[in-house]
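**Q** Here you go, this is model-v7.txt (compact mmCIF, C-alpha atoms).
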# COMPACT_ATOMS: atom_id res chain seq x y z
CA MET Y 1 10.09 -25.52 17.97
CA THR Y 2 8.00 -23.57 15.47
CA GLU Y 3 8.66 -19.95 14.71
CA GLN Y 4 5.77 -17.64 15.55
CA ALA Y 5 5.03 -14.57 13.48
CA GLN Y 6 5.86 -11.44 15.43
CA ALA Y 7 3.79 -8.30 15.39
CA PRO Y 8 5.54 -5.32 13.79
CA GLN Y 9 7.61 -3.44 16.37
CA THR Y 10 8.17 -0.11 14.60
CA VAL Y 11 6.27 2.20 12.30
CA TRP Y 12 8.57 1.11 9.47
CA ASP Y 13 7.78 -2.56 10.16
CA CYS Y 14 4.05 -1.74 10.00
CA CYS Y 15 4.54 0.08 6.71
CA GLY Y 16 6.26 -2.93 5.16
CA THR Y 17 3.53 -5.29 6.38
CA TRP Y 18 0.77 -2.99 5.12
CA ALA Y 19 2.49 -2.48 1.76
CA ASP Y 20 2.63 -6.24 1.28
CA LEU Y 21 -1.05 -6.53 2.21
CA LEU Y 22 -2.07 -3.78 -0.22
CA ILE Y 23 -0.23 -5.47 -3.10
CA THR Y 24 -1.79 -8.83 -2.24
CA LEU Y 25 -5.30 -7.34 -2.06
CA HIS Y 26 -4.87 -5.48 -5.34
CA ALA Y 27 -3.51 -8.53 -7.17
CA GLU Y 28 -6.30 -10.72 -5.78
CA ASP Y 29 -8.93 -8.23 -6.84
CA LEU Y 30 -7.55 -7.99 -10.37
CA GLN Y 31 -7.35 -11.77 -10.68
CA GLN Y 32 -10.57 -12.85 -8.94
CA HIS Y 33 -13.00 -10.05 -9.52
CA GLY Y 34 -11.60 -8.50 -12.65
CA THR Y 35 -12.79 -9.31 -16.11
CA ARG Y 36 -9.26 -9.97 -17.30
CA ARG Y 37 -6.02 -11.69 -16.39
CA LEU Y 38 -3.00 -9.80 -15.11
CA THR Y 39 -0.98 -8.19 -17.88
CA GLU Y 40 2.69 -9.06 -18.21
CA GLY Y 41 3.63 -5.76 -16.56
CA GLU Y 42 1.20 -6.32 -13.67
CA THR Y 43 2.56 -9.83 -13.16
CA VAL Y 44 6.12 -8.49 -12.88
CA THR Y 45 5.20 -5.68 -10.47
CA LEU Y 46 2.55 -7.44 -8.37
CA THR Y 47 3.73 -11.05 -8.17
CA GLY Y 48 7.12 -11.18 -9.88
CA LEU Y 49 10.60 -9.73 -9.85
CA ASP Y 50 9.67 -6.12 -9.09
CA ARG Y 51 7.15 -6.81 -6.31
CA HIS Y 52 9.68 -6.12 -3.54
CA LEU Y 53 10.52 -2.77 -5.18
CA VAL Y 54 6.84 -1.79 -5.38
CA GLU Y 55 6.44 -2.84 -1.75
CA LEU Y 56 9.42 -0.66 -0.77
CA VAL Y 57 7.96 2.41 -2.51
CA ILE Y 58 4.51 1.92 -0.96
CA ALA Y 59 6.08 1.40 2.48
CA ALA Y 60 8.14 4.57 2.01
CA ALA Y 61 5.03 6.58 1.11
CA LEU Y 62 3.10 5.20 4.10
CA HIS Y 63 6.07 5.97 6.34
CA GLU Y 64 6.38 9.52 4.98
CA ARG Y 65 2.69 10.26 5.64
CA ILE Y 66 2.89 8.83 9.18
CA LEU Y 67 5.97 10.98 9.90
CA ARG Y 68 4.36 14.12 8.42
CA MET Y 69 1.18 13.54 10.41
CA ASP Y 70 3.26 12.81 13.53
CA LEU Y 71 1.28 9.62 14.23
CA PRO Y 72 2.63 7.35 16.99
CA LEU Y 73 2.84 3.60 16.40
CA ALA Y 74 -0.46 3.05 18.24
CA ALA Y 75 -2.27 5.40 15.83
CA ALA Y 76 -0.28 4.65 12.65
CA ALA Y 77 -3.25 2.82 11.07
CA GLN Y 78 -5.03 6.16 10.85
CA VAL Y 79 -2.73 7.12 7.98
CA PRO Y 80 -4.88 7.98 4.95
CA LEU Y 81 -4.30 6.06 1.76
CA ALA Y 82 -6.19 8.76 -0.08
CA ALA Y 83 -7.41 12.09 1.30
CA PRO Y 84 -8.54 15.53 0.16
CA ALA Y 85 -5.85 17.94 -1.06
CA GLU Y 86 -3.54 15.02 -1.95
CA GLU Y 87 -2.78 14.51 1.76
CA GLY Y 88 -2.84 10.72 1.55
CA VAL Y 89 -0.36 8.11 0.39
CA THR Y 90 -1.63 8.49 -3.19
CA GLY Y 91 -0.64 12.16 -3.06
CA THR Y 92 2.84 11.26 -1.83
CA LEU Y 93 3.23 8.71 -4.61
CA ARG Y 94 2.14 11.28 -7.21
CA ARG Y 95 4.15 14.24 -5.95
CA ALA Y 96 6.97 13.09 -3.69
CA ALA Y 97 7.72 9.36 -3.96
CA TYR Y 98 11.44 10.03 -4.37
CA ASN Y 99 11.55 12.21 -1.25
CA ALA Y 100 9.58 9.58 0.69
CA LEU Y 101 12.14 6.97 -0.32
CA THR Y 102 14.98 9.16 0.99
CA LEU Y 103 13.25 9.27 4.41
CA THR Y 104 13.15 5.50 4.87
CA PRO Y 105 15.15 4.13 7.80
CA ASP Y 106 18.43 2.31 7.34
CA THR Y 107 17.40 -1.32 6.78
CA GLU Y 108 18.62 -4.42 4.98
CA GLY Y 109 16.64 -3.24 1.91
CA GLN Y 110 19.29 -0.60 1.20
CA PRO Y 111 20.52 -2.06 -2.12
CA ASP Y 112 16.96 -1.86 -3.51
CA ARG Y 113 16.53 1.62 -2.10
CA ALA Y 114 19.87 2.73 -3.58
CA LEU Y 115 18.92 1.26 -6.96
CA LEU Y 116 15.57 3.08 -7.05
CA LEU Y 117 17.08 6.39 -5.91
CA ARG Y 118 19.84 6.11 -8.52
CA GLU Y 119 17.35 5.28 -11.29
CA ALA Y 120 14.97 8.08 -10.28
CA ALA Y 121 17.75 10.68 -10.13
CA SER Y 122 19.32 9.73 -13.45
CA PRO Y 123 19.39 12.57 -15.97
CA HIS Y 124 18.77 10.14 -18.83
CA PRO Y 125 15.08 9.23 -19.36
CA ASP Y 126 15.91 5.65 -20.37
CA ASP Y 127 17.55 5.07 -17.00
CA GLN Y 128 14.34 6.13 -15.23
CA THR Y 129 12.21 3.36 -16.74
CA LEU Y 130 12.43 1.06 -13.71
CA TRP Y 131 11.65 3.91 -11.30
CA GLN Y 132 8.64 5.06 -13.33
CA ARG Y 133 7.30 1.51 -13.67
CA VAL Y 134 7.64 0.82 -9.94
CA ARG Y 135 6.23 4.20 -8.82
CA THR Y 136 3.27 3.88 -11.21
CA ALA Y 137 2.56 0.33 -10.00
CA ALA Y 138 2.72 1.52 -6.38
CA LEU Y 139 0.24 4.30 -7.11
CA ASP Y 140 -2.07 1.90 -8.97
CA VAL Y 141 -2.03 -0.49 -6.00
CA VAL Y 142 -2.81 2.12 -3.36
CA ALA Y 143 -5.42 3.95 -5.46
CA GLY Y 144 -7.02 0.66 -6.50
CA VAL Y 145 -7.37 -0.64 -2.95
CA ALA Y 146 -8.52 2.76 -1.63
CA SER Y 147 -11.16 3.09 -4.34
CA ARG Y 148 -12.64 -0.32 -3.45
CA THR Y 149 -12.53 0.15 0.33
CA PRO Y 150 -15.54 1.49 2.22
CA ALA Y 151 -15.04 3.82 5.18
CA ASN Y 152 -15.12 1.20 7.96
CA PHE Y 153 -12.97 3.01 10.53
CA THR Y 154 -14.88 5.20 12.99
CA GLY Y 155 -11.86 7.06 14.35
CA PRO Y 156 -10.16 10.28 13.19
CA ARG Y 157 -10.06 11.12 9.48
CA HIS Y 158 -8.76 13.96 7.39
CA PRO Y 159 -10.63 17.12 8.50
CA ASP Y 160 -11.96 17.71 4.97
CA ALA Y 161 -13.09 14.10 4.40
CA ALA Y 162 -16.48 13.81 2.71
CA ALA Y 163 -18.32 10.57 3.50
CA ASP Y 164 -20.29 10.54 0.25
CA GLY Y 165 -17.51 11.66 -2.08
CA PRO Y 166 -15.09 9.72 -4.26
CA TYR Y 167 -12.47 7.65 -2.44
CA TRP Y 168 -9.91 10.45 -2.31
CA GLU Y 169 -12.45 12.72 -0.61
CA ARG Y 170 -13.53 10.02 1.89
CA GLY Y 171 -10.10 9.94 3.48
CA ILE Y 172 -9.74 6.16 3.28
CA THR Y 173 -7.22 4.94 5.87
CA ILE Y 174 -5.19 1.78 6.25
CA ALA Y 175 -7.48 1.06 9.23
CA ASP Y 176 -10.43 0.91 6.80
CA VAL Y 177 -8.54 -1.72 4.80
CA LEU Y 178 -7.60 -3.73 7.89
CA ILE Y 179 -11.19 -3.74 9.18
CA GLY Y 180 -12.40 -4.81 5.74
CA VAL Y 181 -9.92 -7.70 5.69
CA GLN Y 182 -11.01 -8.81 9.17
CA ARG Y 183 -14.67 -8.76 8.15
CA ARG Y 184 -13.97 -10.70 4.97
CA GLN Y 185 -12.04 -13.33 6.91
CA GLY Y 186 -14.93 -13.59 9.38
CA PHE Y 187 -17.41 -14.08 6.55
CA GLU Y 188 -15.18 -16.74 4.99
CA VAL Y 189 -15.07 -18.64 8.30
CA LEU Y 190 -18.86 -18.43 8.61
CA ALA Y 191 -19.28 -19.62 5.03
CA GLN Y 192 -17.04 -22.63 5.72
CA VAL Y 193 -18.93 -23.51 8.90
CA TYR Y 194 -22.41 -23.13 7.46
CA GLY Y 195 -21.41 -24.44 4.06
CA GLU Y 196 -20.54 -27.78 5.62
CA GLU Y 197 -24.05 -28.22 7.04
CA ASP Y 198 -25.92 -28.33 3.73
Let me see the structure of the file written as structure tokens.

**A**
Amino acid sequence: MTEQAQAPQTVWDCCGTWADLLITLHAEDLQQHGTRRLTEGETVTLTGLDRHLVELVIAAALHERILRMDLPLAAAAQVPLAAPAEEGVTGTLRRAAYNALTLTPDTEGQPDRALLLREAASPHPDDQTLWQRVRTAALDVVAGVASRTPANFTGPRHPDAAADGPYWERGITIADVLIGVQRRQGFEVLAQVYGEED
């Protein structure tokens, strides 16, 4: 009997899934469309040892925004990655990543959460190196994906969103990213089908 992938059942599950997707998209973009290879630091945070920590911080920021916006599970994809007045996930990662991490639910990722909270709260700057590296990588991932994502979602956006502004003024949501991924997958299928009929 094969195991089938289950759809996320809670907002926190969605946040973890979306965080993983954002990291994957960002790493792919840097590797495939960039003019350079991943740096050693990017390799560690996007594909290596620290990836799960970056994923945890992004998930915590997504979760914090969803809670603050009081979005139910059915509307959680409306959470803005970037929005005017720092109201998106990028704003949380810049201003309140530590607080977002403290709001995460009690899960099996607690040792990683405890490690990051301990590092971030340390009074000695050298002890904060891991926290700063992970938080910066999380912000780079979310801002990078948001800046490359067009406004695909036709539903609710931040009230001050400006369609023709920079990505943080467009109120890019996770729904925009998901729609973009679906379209890209559709185009890839079409390219495979029509590519075989040369």

**Q** Could you check how far CA of Trp12 (chain Y) sits from CA of Leu117 (chain Y), in Å to one decimal?

**A**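 Distance reported for this atom pair: 18.4 Å.
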
**Q** Skipping near chain neighbours, those fewer than 2 positions away, what residues fall within 12 Å of Leu67 (chain Y) using only C-alpha atoms, listed as a list in words?

**A** Val11, Trp12, Cys15, Ala60, Ala61, Leu62, His63, Glu64, Arg65, Met69, Asp70, Leu71, Pro72, Leu73, Ala75, Ala76, Val79, Val89, Ala100, Leu103, Thr104 and Pro105 of chain Y

**Q** Restrict the calculation to only C-alpha atoms, then for each residue of region 31-94 of chain Y with any atom at most 7 Å from an atom of region 118-142 of chain Y give the closest atom pair and their distance in Å to one decimal, rows by chain and rising residue number, as a tab-separated table.

**A**
residue	atom	partner	partner_atom	distance
Y:Thr45	CA	Y:Ala137	CA	6.6
Y:Leu53	CA	Y:Val134	CA	6.6
Y:Val54	CA	Y:Val134	CA	5.3
Y:Val57	CA	Y:Ala138	CA	6.6
Y:Ile58	CA	Y:Ala138	CA	5.7
Y:Leu81	CA	Y:Val142	CA	6.6
Y:Thr90	CA	Y:Leu139	CA	6.0
Y:Leu93	CA	Y:Leu139	CA	5.9

**Q** Applying 8 Å and all atoms listed in the file, which residues near region 21-33 of chain Y remain after dropping the ones on its own chain fewer than 5 positions away? List them as an MDAnalysis selection string.

**A** chainID Y and resid 38 46:47 55 141:142 144:145

**Q** Using all atoms listed in the file, which of Y:Ala19, Y:Arg68, Y:Ala146, Y:Val44 sits nearest Glu87 (chain Y)?

**A** Y:Arg68

**Q** Extract, using all atoms listed in the file, all DNA, RNA and protein residues at most 6 Å from region 148-158 of chain Y, discarding same-chain residues fewer than 3 positions from it, and format them as a VMD selection string.

**A** chain Y and resid 145 161 171 175 to 176

**Q** Save the residues we just selected, C-alpha atoms, as a PDB file, keeping the file's coordinate frame?

**A**
ATOM      1  CA  VAL Y 145      -7.370  -0.640  -2.950  1.00  0.00           C
ATOM      2  CA  ALA Y 161     -13.090  14.100   4.400  1.00  0.00           C
ATOM      3  CA  GLY Y 171     -10.100   9.940   3.480  1.00  0.00           C
ATOM      4  CA  ALA Y 175      -7.480   1.060   9.230  1.00  0.00           C
ATOM      5  CA  ASP Y 176     -10.430   0.910   6.800  1.00  0.00           C
TER       6      ASP Y 176
END

**Q** What does the distance between CA of Glu169 (chain Y) and CA of Ala59 (chain Y) come to in Å, to one decimal place?

**A** 21.9 Å

**Q** Could you work out how far CA of Gln110 (chain Y) lies from CA of Thr10 (chain Y), giving the answer in Å with one decimal?

**A**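 If I compute the distance from CA of Thr10 (chain Y) to CA of Gln110 (chain Y), I get 17.4 Å.
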
**Q** Nearest to Leu178 (chain Y): which of Y:Ala77, Y:Ile66, Y:Leu116, Y:Gly16 is it, counting only C-alpha atoms?

**A**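 Checking each candidate against Leu178 (chain Y), we get Y:Ala77 as the closest.
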